[in-house]
Amino acid sequence: MNLIPLIIIILPGLANIFYRVNIKLAGLVSASITVLLSLLLYLQLPLEGLFYVDRITWVFLVMVSSVYLLSTLYSWEYVSSIKNRGISQNNYYLLLNFFTSSMFFSLVMNNYGFMWVGIEATTISSALLLITEKSDVSLEATWRYIILVSAGVTFAFISIILIYYHFGTLNVYTILHSGGSASLVIKIAVSIALVGFGTKVGVFPVHTWLPDAHSEAPSPVSAMFSGVLLPVALYVLYRIYEISPFPQLYTWFAVISIAAASLFLAYQRKYKRMFAYSTMENMNLALFGFALGGVGVVGALLLLVSHSFGKAGAFYSSGNILKSSEKRDIAQINGIWKGMRYTSSSLLLSSLAVTGTPPFGTFVGEFLILYAAVSSHALLQFGIVLFFLMAAFINVNYNVTRMIFRGSGDLKEPGKIMPMVSLISSTIPLVIGVVIIGGFFNVLV
Amino acid sequence: MIPVDYAIFLIAAFATISGFYIQGQEYIGSMVNGQLIQSSIIALISFVLAYYEHSLDLVILGVLIAFLRGFLITYFLDKRVPGRMTYVYETNVNVASLLLIDLAFIVVGIFIIYSLVFTRADLITKFGPSSILVFPLSLFFQGLFLIGSRRSTFSQIIGYIEEENSLVLFAIFLVPVPIIIEASVFLDVLALVVISSILVIEKFRHFPMEELRG
Amino acid sequence: MLVYTLIRTLTQYFFVVLMAPLFAGIIANLKAKVESRKGPSIFQPYYDLFKYMRKQVLIPDGSGLIFKYAPFILFGIYSLIALIVPIVIPEPVFFTASADFLGGAILFSLAAFVKIAAAFDSRSNFTALGAVRALSFNFLSEATLITVFFAVSLITDTNNPYITNSFLATHYLQNISLEHIFATIAFFMLFLYETGKLPLESSGLAELGMIEEGMSYEYSGKLLSISKWSGYMKQYILGAIFLNVFFIPWGLQSSFPGFLLDIPVMFLKWLLLIVIVVVIETTFAKMRLFRIQDYLATSFTFSILFLIFSVVIA
């Protein structure tokens, strides 16, 4: 048995022992150690036994731990300056640590049942984080998040029961290496999982909690939601999908969700809601890639990693703007380029990143996914996705450039750490993209 | 069918009836009691099947349901029901139309999910004919409908618990999942109810909001 | 053979027509006893019927033909139903072949329609009020009546009420099948509504909560007598269907001289039903008028939900 995954799970929880001493610092230390440990874990892949960690899981582990580190860092200034707090500062860190623990738990467990439990635990631990900035609206958003997500994820438990019924075990490794199954029971299970876990991923008809929760949560939490929580749910969905791939259903759901997200994007007036819909679009694109298989999976992983940093950067930048202006509407934010150099650069970089502009890592991911779509003859889906990706690109970037360059504003940077974190976070997708494209050219030459 | 089957069918049918009872209530106190009745019915089914199959797991499951659902959740919810009159009941509950819509919803749901999909999968239940799965499924749709049709936090929590109950029932009838996982599921739900009951104090009713549109 | 059938037919018909008021009298008397009153004699309904017979008939101004003839039509319809369903003797008699179970249900609906039409035809606001009330609840009660009979015919694969009765009497387990139990509950709830029992309707002078009673407010003399009489017959028929098809299908004889035993058997069964009804009438408070819809929706839910379950299950 390997100890590293166990340590990764309990480390954020261990930080909570310092609740009365200095939970802020303890969280930061534990986050840094988890990043190191999850990077180190690569040397021991693949793991199976109590935990099941292969390369795909590893990518997700690195993602979660790094965004956790960034968010803890960002919260340092952000949370301490919130005026009307719904939960105390220490409780905020406590829940944030538990939230991360539960995400790690759902990622590494070698058991579908425990994966479900982990996903449900992420809902429980993150629900109260949404009322950190307390208002009537945020309470409503929290409630919608709790009830919609838990009702949806509950539905997914039927698919867990059906899997157990068919295989007599819930062990992920055993099931995935049993050579799959063409049984109708498993097909039903896979389809139910799409609706069930799809609620948390943001698949079209059951996505409605997503923009509310993202726009009302404090920015570091929105970043965690967008950057890692949704991918973790997507990971669990993918693990179930792997048992018996059902591409027709999954690709079409993904394509419809991309179209819907891109249409909703078009008439958003609040920047955090706009980014939330962009998350929905990216998640479904990744789902599309996973459903196509082959190169599509590689593309989806690349997209998810780059997107998690890019979208975290976008939400951090939004947090900076919200902190200094206290306005949520796109129309009310003008010319932030004047007083907020760091924030506006990070906002621009991250919005380019999340819309898949070359040479960002997201672009490479999207390219690979679309390539997979063409090579598996899903031309109709390819056309629809391409069209709506472009529409989303135009919408997001038009709004963001308007916020940055139109007119002149008098906003100032809200602190020192916050703009730095946003800038770092939004540069990472660029680095990923450049490294990969560079490496690719090297191979070619 | 043998007499025991008839008995189990009847008890399971009462789980569905309890769903209708909850749906028809205006007072939150009686909805909580309805939840208690429903959980007790499911615990009872678990015990009966444990006797029938000589399975220790089902006994533990029954005890867990009786303790966590029947006692703890009822206790938490009861403690949160506010004393002031205006909050004790939900206004604008039109029982007749709610029952009829609920009925239509269940019928459509069952026809789609059970008749079109499940019957083709040749599921073999641990006990009796596989058609008994109709009851957990109908309970599930009732839970969903309760969440959708009501505006108060309490009713929606109870709808969620109803959904969970239906899954437990589903698992009992089809194949009892390992008890450790079932136990963690129960704890999850308990934690969720505790978390949501914190929200009850802050926000009792839920309406569409201008800020959260689109 | 023909003579036997004729005797059976006459027995069944006259038992229904002549004994129906008696059961109403017993209910009234027993209820009064429970409320520690002396109560009217159990033969009071007969005295009333004779008294009304001798009184003058008053026809309201502007009322039409339907108003005048409705009581007779109602009496005729209930007489026909009395021969269709196994309410005394579990053996087909004359006229039984004229309709099946569903036909019986539709005859009930026809009777309800005639009664409502007559109430409107009297051109009185007061009876119109009763008719409107009845209409706003009947859409649920009629639906229940029909689905309940569907449930019964699904269990037995026939909608011949006599076969249903003998099937249920011989197949004990079918009596605890889901659809049967819930159809029974639904039918009992319907019985309470259709016969105007207390949680739903309280009748009497100056009573604002009445539904069925309100519709016969303009009748007097002979017409009132016949109208009331057909009301008693309706109560008997519904109660006997409840007893013989749903609740206690056992105990009826069909051999030739043995069929006479059915009369005391029916009497005993009815006493049981009367006790149940009296318990309900004296323990429940009257519902608000608009709650009646909820009540009927519940009974409808019971009947149709398990009907659908049984279809899905089979």
# chains A, B, ... in the order shown; residues from 1 in each chain; ligands from 1
>>> residues_around(residues="Phe242 of chain C", least_positions_apart="6", cutoff="8 Å", atoms="only C-alpha atoms", output="number ranges by chain")
C: 184, 187-188, 191
>>> write_last_selection(atoms="C-alpha atoms", output="JSON list (two decimals), in the first residue's frame")
[["chain", "number", "residue", "atom", "x", "y", "z"],
["C", 184, "THR", "CA", -61.23, -0.75, -1.85],
["C", 187, "PHE", "CA", -64.19, 3.13, -3.30],
["C", 188, "PHE", "CA", -64.94, 3.53, 0.38],
["C", 191, "PHE", "CA", -68.96, 5.90, -0.99]]
>>> residues_around(residues="Gly34 of chain B", least_positions_apart="2", cutoff="10 Å", atoms="only C-alpha atoms", output="list in words")
Ala15, Ile17, Ser18, Gly19, Phe20, Tyr21, Ile22, Gln23, Gln25, Ile28, Gly29, Ser30, Met31, Val32, Leu36, Ile37, Gln38, Ser39, Ser40, Thr74, Ile158 and Glu162 of chain B
>>> closest_atom_pairs(of="chain B", to="chain A", cutoff="9 Å", atoms="only C-alpha atoms", output="JSON lines")
{"residue": "B:Val117", "atom": "CA", "partner": "A:Ile188", "partner_atom": "CA", "distance": 7.7}
{"residue": "B:Phe118", "atom": "CA", "partner": "A:Val185", "partner_atom": "CA", "distance": 8.1}
{"residue": "B:Arg120", "atom": "CA", "partner": "A:Leu184", "partner_atom": "CA", "distance": 7.9}
{"residue": "B:Ala121", "atom": "CA", "partner": "A:Leu184", "partner_atom": "CA", "distance": 5.5}
{"residue": "B:Asp122", "atom": "CA", "partner": "A:Val185", "partner_atom": "CA", "distance": 8.3}
{"residue": "B:Leu123", "atom": "CA", "partner": "A:Val185", "partner_atom": "CA", "distance": 7.8}
{"residue": "B:Phe140", "atom": "CA", "partner": "A:Phe155", "partner_atom": "CA", "distance": 8.5}
{"residue": "B:Gly143", "atom": "CA", "partner": "A:Ala151", "partner_atom": "CA", "distance": 8.9}
{"residue": "B:Leu144", "atom": "CA", "partner": "A:Ala151", "partner_atom": "CA", "distance": 7.5}
{"residue": "B:Ile147", "atom": "CA", "partner": "A:Ile147", "partner_atom": "CA", "distance": 8.1}
{"residue": "B:Thr153", "atom": "CA", "partner": "A:Trp143", "partner_atom": "CA", "distance": 8.1}
{"residue": "B:Gln156", "atom": "CA", "partner": "A:Ile147", "partner_atom": "CA", "distance": 7.3}
{"residue": "B:Ile157", "atom": "CA", "partner": "A:Ile147", "partner_atom": "CA", "distance": 7.5}
{"residue": "B:Gly159", "atom": "CA", "partner": "A:Ala151", "partner_atom": "CA", "distance": 8.8}
{"residue": "B:Tyr160", "atom": "CA", "partner": "A:Ala151", "partner_atom": "CA", "distance": 6.1}
{"residue": "B:Glu163", "atom": "CA", "partner": "A:Thr154", "partner_atom": "CA", "distance": 7.3}
{"residue": "B:Glu164", "atom": "CA", "partner": "A:Thr154", "partner_atom": "CA", "distance": 6.7}
{"residue": "B:Leu167", "atom": "CA", "partner": "A:Ile158", "partner_atom": "CA", "distance": 6.8}
{"residue": "B:Phe170", "atom": "CA", "partner": "A:Ile158", "partner_atom": "CA", "distance": 7.9}
{"residue": "B:Ala171", "atom": "CA", "partner": "A:Ile161", "partner_atom": "CA", "distance": 6.4}
{"residue": "B:Leu174", "atom": "CA", "partner": "A:Tyr165", "partner_atom": "CA", "distance": 7.3}
{"residue": "B:Val175", "atom": "CA", "partner": "A:Tyr165", "partner_atom": "CA", "distance": 5.9}
{"residue": "B:Pro176", "atom": "CA", "partner": "A:Ile161", "partner_atom": "CA", "distance": 8.1}
{"residue": "B:Val177", "atom": "CA", "partner": "A:Ile161", "partner_atom": "CA", "distance": 6.7}
{"residue": "B:Pro178", "atom": "CA", "partner": "A:Gly113", "partner_atom": "CA", "distance": 8.8}
{"residue": "B:Ile181", "atom": "CA", "partner": "A:Gly113", "partner_atom": "CA", "distance": 6.0}
{"residue": "B:Glu182", "atom": "CA", "partner": "A:Gly113", "partner_atom": "CA", "distance": 8.5}
{"residue": "B:Ser184", "atom": "CA", "partner": "A:Val117", "partner_atom": "CA", "distance": 6.7}
{"residue": "B:Val185", "atom": "CA", "partner": "A:Val117", "partner_atom": "CA", "distance": 6.1}
{"residue": "B:Asp188", "atom": "CA", "partner": "A:Ala121", "partner_atom": "CA", "distance": 6.4}
{"residue": "B:Val189", "atom": "CA", "partner": "A:Glu120", "partner_atom": "CA", "distance": 8.4}
{"residue": "B:Ala191", "atom": "CA", "partner": "A:Ile124", "partner_atom": "CA", "distance": 6.9}
{"residue": "B:Leu192", "atom": "CA", "partner": "A:Ile124", "partner_atom": "CA", "distance": 5.5}
{"residue": "B:Ile195", "atom": "CA", "partner": "A:Ile124", "partner_atom": "CA", "distance": 7.0}
{"residue": "B:Ser196", "atom": "CA", "partner": "A:Ile146", "partner_atom": "CA", "distance": 7.7}
{"residue": "B:Leu199", "atom": "CA", "partner": "A:Leu139", "partner_atom": "CA", "distance": 7.6}
{"residue": "B:Glu202", "atom": "CA", "partner": "A:Leu139", "partner_atom": "CA", "distance": 7.6}
{"residue": "B:Lys203", "atom": "CA", "partner": "A:Leu139", "partner_atom": "CA", "distance": 6.9}
{"residue": "B:His206", "atom": "CA", "partner": "A:Glu140", "partner_atom": "CA", "distance": 6.9}
{"residue": "B:Phe207", "atom": "CA", "partner": "A:Glu140", "partner_atom": "CA", "distance": 8.5}
{"residue": "B:Met209", "atom": "CA", "partner": "A:Val137", "partner_atom": "CA", "distance": 7.6}
{"residue": "B:Glu211", "atom": "CA", "partner": "A:Val137", "partner_atom": "CA", "distance": 7.1}
{"residue": "B:Leu212", "atom": "CA", "partner": "A:Asp212", "partner_atom": "CA", "distance": 5.9}
{"residue": "B:Arg213", "atom": "CA", "partner": "A:Asp212", "partner_atom": "CA", "distance": 8.3}
{"residue": "B:Gly214", "atom": "CA", "partner": "A:Phe264", "partner_atom": "CA", "distance": 6.9}
>>> write_last_selection(atoms="C-alpha atoms", output="PDB file, in the first residue's frame")
ATOM      1  CA  VAL B 117     -35.651   0.845 -20.016  1.00  0.00           C
ATOM      2  CA  PHE B 118     -35.589  -1.327 -16.928  1.00  0.00           C
ATOM      3  CA  ARG B 120     -35.534  -4.706 -21.100  1.00  0.00           C
ATOM      4  CA  ALA B 121     -32.505  -5.038 -18.849  1.00  0.00           C
ATOM      5  CA  ASP B 122     -33.819  -8.227 -17.228  1.00  0.00           C
ATOM      6  CA  LEU B 123     -32.940  -7.188 -13.725  1.00  0.00           C
ATOM      7  CA  PHE B 140     -37.683   9.017  -6.283  1.00  0.00           C
ATOM      8  CA  GLY B 143     -38.950  13.474  -3.984  1.00  0.00           C
ATOM      9  CA  LEU B 144     -37.982  15.352  -7.117  1.00  0.00           C
ATOM     10  CA  ILE B 147     -38.354  19.787  -4.404  1.00  0.00           C
ATOM     11  CA  THR B 153     -36.322  25.227   2.612  1.00  0.00           C
ATOM     12  CA  GLN B 156     -37.043  20.847  -0.210  1.00  0.00           C
ATOM     13  CA  ILE B 157     -34.823  19.187   2.390  1.00  0.00           C
ATOM     14  CA  GLY B 159     -37.834  16.085  -0.760  1.00  0.00           C
ATOM     15  CA  TYR B 160     -34.122  15.376  -0.834  1.00  0.00           C
ATOM     16  CA  GLU B 163     -35.027  10.789  -2.803  1.00  0.00           C
ATOM     17  CA  GLU B 164     -32.316   9.279  -0.625  1.00  0.00           C
ATOM     18  CA  LEU B 167     -32.306   4.899  -3.294  1.00  0.00           C
ATOM     19  CA  PHE B 170     -33.825   0.528  -4.537  1.00  0.00           C
ATOM     20  CA  ALA B 171     -30.587  -0.924  -3.213  1.00  0.00           C
ATOM     21  CA  LEU B 174     -31.972  -4.966  -6.174  1.00  0.00           C
ATOM     22  CA  VAL B 175     -28.683  -5.667  -4.459  1.00  0.00           C
ATOM     23  CA  PRO B 176     -27.622  -4.310  -1.065  1.00  0.00           C
ATOM     24  CA  VAL B 177     -24.408  -2.357  -1.617  1.00  0.00           C
ATOM     25  CA  PRO B 178     -21.561  -2.958   0.849  1.00  0.00           C
ATOM     26  CA  ILE B 181     -20.550   2.472   1.580  1.00  0.00           C
ATOM     27  CA  GLU B 182     -24.178   2.592   2.615  1.00  0.00           C
ATOM     28  CA  SER B 184     -20.972   6.638   4.442  1.00  0.00           C
ATOM     29  CA  VAL B 185     -23.908   7.599   2.256  1.00  0.00           C
ATOM     30  CA  ASP B 188     -23.212  12.266   3.994  1.00  0.00           C
ATOM     31  CA  VAL B 189     -26.927  12.831   3.950  1.00  0.00           C
ATOM     32  CA  ALA B 191     -24.213  16.108   7.248  1.00  0.00           C
ATOM     33  CA  LEU B 192     -26.043  17.688   4.340  1.00  0.00           C
ATOM     34  CA  ILE B 195     -25.659  22.040   6.831  1.00  0.00           C
ATOM     35  CA  SER B 196     -28.951  22.902   5.200  1.00  0.00           C
ATOM     36  CA  LEU B 199     -29.485  27.825   6.146  1.00  0.00           C
ATOM     37  CA  GLU B 202     -31.249  32.554   7.393  1.00  0.00           C
ATOM     38  CA  LYS B 203     -33.559  31.931   4.512  1.00  0.00           C
ATOM     39  CA  HIS B 206     -37.123  30.678  -2.036  1.00  0.00           C
ATOM     40  CA  PHE B 207     -38.392  32.684  -4.968  1.00  0.00           C
ATOM     41  CA  MET B 209     -34.479  36.454  -8.029  1.00  0.00           C
ATOM     42  CA  GLU B 211     -29.925  38.911  -9.674  1.00  0.00           C
ATOM     43  CA  LEU B 212     -29.839  35.209 -10.480  1.00  0.00           C
ATOM     44  CA  ARG B 213     -31.533  35.161 -13.832  1.00  0.00           C
ATOM     45  CA  GLY B 214     -30.251  33.767 -17.096  1.00  0.00           C
TER      46      GLY B 214
END
>>> closest_residue(among="C:Ser202, C:Asn175, C:Ser255, C:Ser225", to="chain B", atoms="only C-alpha atoms")
C:Asn175
>>> select_by_dssp(residues="segment 63-307 of chain C", states="alpha helix (DSSP H)", output="ChimeraX atom specification")
/C:65-84,101-121,125-156,161-170,178-194,212-215,221-241,262-283,291-307
>>> closest_residue(among="B:Asn92, B:Ser115, B:Ser46, B:Ser131", to="Tyr27 of chain B", atoms="only C-alpha atoms")
B:Asn92
>>> interface_residues(of="chain B", to="chain C", cutoff="9 Å", atoms="only C-alpha atoms", output="list in words")
Ile2, Pro3, Tyr6, Ala7, Phe9, Leu10, Ala13, Ile17, Phe20, Gly24, Asn94, Val95, Ala96, Ser97, Leu99, Leu100, Leu103, Ile106, Val107, Ile110, Phe111, Tyr114, Ser115, Pro129, Ser130, Ser131, Ile132, Val134 and Phe135 of chain B
>>> write_last_selection(atoms="N, CA and C atoms", output="PDB file, in the first residue's frame")
ATOM      1  N   ILE B   2     -45.944 -15.435  -3.717  1.00  0.00           N
ATOM      2  CA  ILE B   2     -46.243 -16.062  -2.434  1.00  0.00           C
ATOM      3  C   ILE B   2     -46.693 -14.980  -1.450  1.00  0.00           C
ATOM      4  N   PRO B   3     -47.349 -15.384  -0.342  1.00  0.00           N
ATOM      5  CA  PRO B   3     -47.882 -14.376   0.583  1.00  0.00           C
ATOM      6  C   PRO B   3     -46.864 -13.364   1.067  1.00  0.00           C
ATOM      7  N   TYR B   6     -46.653 -10.611  -1.306  1.00  0.00           N
ATOM      8  CA  TYR B   6     -47.777  -9.680  -1.200  1.00  0.00           C
ATOM      9  C   TYR B   6     -47.529  -8.704  -0.065  1.00  0.00           C
ATOM     10  N   ALA B   7     -47.043  -9.238   1.056  1.00  0.00           N
ATOM     11  CA  ALA B   7     -46.826  -8.385   2.215  1.00  0.00           C
ATOM     12  C   ALA B   7     -45.786  -7.318   1.898  1.00  0.00           C
ATOM     13  N   PHE B   9     -44.883  -6.191  -1.026  1.00  0.00           N
ATOM     14  CA  PHE B   9     -45.455  -5.245  -1.983  1.00  0.00           C
ATOM     15  C   PHE B   9     -46.305  -4.214  -1.255  1.00  0.00           C
ATOM     16  N   LEU B  10     -47.071  -4.713  -0.299  1.00  0.00           N
ATOM     17  CA  LEU B  10     -47.977  -3.815   0.412  1.00  0.00           C
ATOM     18  C   LEU B  10     -47.195  -2.797   1.231  1.00  0.00           C
ATOM     19  N   ALA B  13     -45.728  -0.347  -1.015  1.00  0.00           N
ATOM     20  CA  ALA B  13     -46.740   0.587  -1.504  1.00  0.00           C
ATOM     21  C   ALA B  13     -46.994   1.676  -0.482  1.00  0.00           C
ATOM     22  N   ILE B  17     -47.269   5.723  -0.629  1.00  0.00           N
ATOM     23  CA  ILE B  17     -48.375   6.480  -0.045  1.00  0.00           C
ATOM     24  C   ILE B  17     -47.840   7.564   0.885  1.00  0.00           C
ATOM     25  N   PHE B  20     -47.009  10.538  -0.946  1.00  0.00           N
ATOM     26  CA  PHE B  20     -48.178  11.371  -1.253  1.00  0.00           C
ATOM     27  C   PHE B  20     -48.629  12.141  -0.023  1.00  0.00           C
ATOM     28  N   GLY B  24     -48.987  16.178   0.301  1.00  0.00           N
ATOM     29  CA  GLY B  24     -50.245  16.856   0.569  1.00  0.00           C
ATOM     30  C   GLY B  24     -50.247  17.733   1.811  1.00  0.00           C
ATOM     31  N   ASN B  94     -52.044  23.922  -2.959  1.00  0.00           N
ATOM     32  CA  ASN B  94     -53.313  23.415  -3.464  1.00  0.00           C
ATOM     33  C   ASN B  94     -53.208  21.905  -3.591  1.00  0.00           C
ATOM     34  N   VAL B  95     -53.716  21.227  -2.563  1.00  0.00           N
ATOM     35  CA  VAL B  95     -53.442  19.796  -2.442  1.00  0.00           C
ATOM     36  C   VAL B  95     -53.938  19.023  -3.655  1.00  0.00           C
ATOM     37  N   ALA B  96     -55.193  19.324  -4.092  1.00  0.00           N
ATOM     38  CA  ALA B  96     -55.764  18.515  -5.170  1.00  0.00           C
ATOM     39  C   ALA B  96     -54.900  18.571  -6.417  1.00  0.00           C
ATOM     40  N   SER B  97     -54.540  19.795  -6.823  1.00  0.00           N
ATOM     41  CA  SER B  97     -53.769  19.872  -8.073  1.00  0.00           C
ATOM     42  C   SER B  97     -52.372  19.314  -7.869  1.00  0.00           C
ATOM     43  N   LEU B  99     -51.462  16.858  -5.915  1.00  0.00           N
ATOM     44  CA  LEU B  99     -51.528  15.391  -5.951  1.00  0.00           C
ATOM     45  C   LEU B  99     -51.666  14.908  -7.381  1.00  0.00           C
ATOM     46  N   LEU B 100     -52.525  15.595  -8.147  1.00  0.00           N
ATOM     47  CA  LEU B 100     -52.761  15.121  -9.508  1.00  0.00           C
ATOM     48  C   LEU B 100     -51.520  15.315 -10.382  1.00  0.00           C
ATOM     49  N   LEU B 103     -49.030  12.762  -9.471  1.00  0.00           N
ATOM     50  CA  LEU B 103     -49.443  11.490 -10.058  1.00  0.00           C
ATOM     51  C   LEU B 103     -49.010  11.411 -11.519  1.00  0.00           C
ATOM     52  N   ILE B 106     -45.241  11.017 -11.768  1.00  0.00           N
ATOM     53  CA  ILE B 106     -44.788   9.668 -11.447  1.00  0.00           C
ATOM     54  C   ILE B 106     -45.095   8.722 -12.592  1.00  0.00           C
ATOM     55  N   VAL B 107     -46.317   8.852 -13.111  1.00  0.00           N
ATOM     56  CA  VAL B 107     -46.728   7.930 -14.159  1.00  0.00           C
ATOM     57  C   VAL B 107     -45.812   8.080 -15.365  1.00  0.00           C
ATOM     58  N   ILE B 110     -42.327   6.742 -14.457  1.00  0.00           N
ATOM     59  CA  ILE B 110     -42.249   5.282 -14.383  1.00  0.00           C
ATOM     60  C   ILE B 110     -42.346   4.678 -15.766  1.00  0.00           C
ATOM     61  N   PHE B 111     -43.230   5.263 -16.573  1.00  0.00           N
ATOM     62  CA  PHE B 111     -43.372   4.683 -17.893  1.00  0.00           C
ATOM     63  C   PHE B 111     -42.092   4.835 -18.685  1.00  0.00           C
ATOM     64  N   TYR B 114     -39.046   2.935 -16.158  1.00  0.00           N
ATOM     65  CA  TYR B 114     -39.213   1.508 -15.878  1.00  0.00           C
ATOM     66  C   TYR B 114     -39.655   0.727 -17.112  1.00  0.00           C
ATOM     67  N   SER B 115     -40.767   1.146 -17.704  1.00  0.00           N
ATOM     68  CA  SER B 115     -41.329   0.327 -18.781  1.00  0.00           C
ATOM     69  C   SER B 115     -40.421   0.271 -19.994  1.00  0.00           C
ATOM     70  N   PRO B 129     -40.514 -10.580  -7.773  1.00  0.00           N
ATOM     71  CA  PRO B 129     -40.411 -10.116  -9.155  1.00  0.00           C
ATOM     72  C   PRO B 129     -39.748  -8.741  -9.225  1.00  0.00           C
ATOM     73  N   SER B 130     -39.090  -8.468 -10.349  1.00  0.00           N
ATOM     74  CA  SER B 130     -38.315  -7.227 -10.446  1.00  0.00           C
ATOM     75  C   SER B 130     -39.220  -6.015 -10.505  1.00  0.00           C
ATOM     76  N   SER B 131     -40.528  -6.242 -10.708  1.00  0.00           N
ATOM     77  CA  SER B 131     -41.428  -5.098 -10.796  1.00  0.00           C
ATOM     78  C   SER B 131     -41.510  -4.331  -9.486  1.00  0.00           C
ATOM     79  N   ILE B 132     -40.978  -4.896  -8.411  1.00  0.00           N
ATOM     80  CA  ILE B 132     -41.033  -4.177  -7.142  1.00  0.00           C
ATOM     81  C   ILE B 132     -40.190  -2.903  -7.199  1.00  0.00           C
ATOM     82  N   VAL B 134     -40.558  -0.643  -9.107  1.00  0.00           N
ATOM     83  CA  VAL B 134     -41.438   0.481  -9.405  1.00  0.00           C
ATOM     84  C   VAL B 134     -41.600   1.383  -8.182  1.00  0.00           C
ATOM     85  N   PHE B 135     -41.634   0.804  -6.990  1.00  0.00           N
ATOM     86  CA  PHE B 135     -41.894   1.607  -5.800  1.00  0.00           C
ATOM     87  C   PHE B 135     -40.757   2.566  -5.476  1.00  0.00           C
TER      88      PHE B 135
END
>>> residues_around(residues="segment 81-91 of chain C", least_positions_apart="2", cutoff="9 Å", atoms="only C-alpha atoms", output="ChimeraX atom specification")
/C:5,8-9,11-13,15-17,76-79,93-101,104,107-108,160-163,165-166,233-234,236-241,243-245,252-255,259-260,262-263,265-266
>>> atom_distance(atom1="atom CA of Leu95 of chain A", atom2="atom CA of Ser351 of chain A")
28.6 Å
>>> atom_distance(atom1="atom CA of Gly299 of chain A", atom2="atom CA of Leu36 of chain A")
24.8 Å
>>> decode(residues="segment 56-69 of chain C", atoms="N, CA and C atoms", output="CSV table (one decimal), in the first residue's frame")
chain,number,residue,atom,x,y,z
C,56,GLN,N,-99.2,17.9,-1.0
C,56,GLN,CA,-99.5,18.5,-2.3
C,56,GLN,C,-98.1,18.7,-3.0
C,57,VAL,N,-98.1,18.6,-4.4
C,57,VAL,CA,-96.9,18.8,-5.2
C,57,VAL,C,-96.9,20.3,-5.6
C,58,LEU,N,-95.8,21.0,-5.3
C,58,LEU,CA,-95.7,22.4,-5.8
C,58,LEU,C,-94.6,22.4,-6.8
C,59,ILE,N,-95.0,23.0,-8.0
C,59,ILE,CA,-94.0,23.1,-9.1
C,59,ILE,C,-93.5,24.5,-9.1
C,60,PRO,N,-92.2,24.8,-9.0
C,60,PRO,CA,-91.8,26.2,-9.1
C,60,PRO,C,-92.1,26.8,-10.5
C,61,ASP,N,-92.3,28.2,-10.5
C,61,ASP,CA,-92.5,28.9,-11.7
C,61,ASP,C,-91.3,28.8,-12.6
C,62,GLY,N,-91.6,28.5,-13.9
C,62,GLY,CA,-90.6,28.5,-14.9
C,62,GLY,C,-89.8,27.2,-15.0
C,63,SER,N,-90.1,26.3,-14.1
C,63,SER,CA,-89.4,25.0,-14.2
C,63,SER,C,-89.9,24.2,-15.4
C,64,GLY,N,-89.0,23.3,-15.9
C,64,GLY,CA,-89.4,22.6,-17.1
C,64,GLY,C,-89.7,21.1,-16.9
C,65,LEU,N,-89.7,20.4,-18.0
C,65,LEU,CA,-90.1,19.0,-17.9
C,65,LEU,C,-89.2,18.1,-17.2
C,66,ILE,N,-87.9,18.4,-17.4
C,66,ILE,CA,-86.9,17.6,-16.7
C,66,ILE,C,-87.1,17.6,-15.2
C,67,PHE,N,-87.4,18.8,-14.7
C,67,PHE,CA,-87.6,18.9,-13.3
C,67,PHE,C,-88.7,18.0,-12.8
C,68,LYS,N,-89.8,18.0,-13.6
C,68,LYS,CA,-91.0,17.2,-13.2
C,68,LYS,C,-90.7,15.7,-13.2
C,69,TYR,N,-90.0,15.3,-14.3
C,69,TYR,CA,-89.8,13.8,-14.5
C,69,TYR,C,-88.5,13.2,-13.9
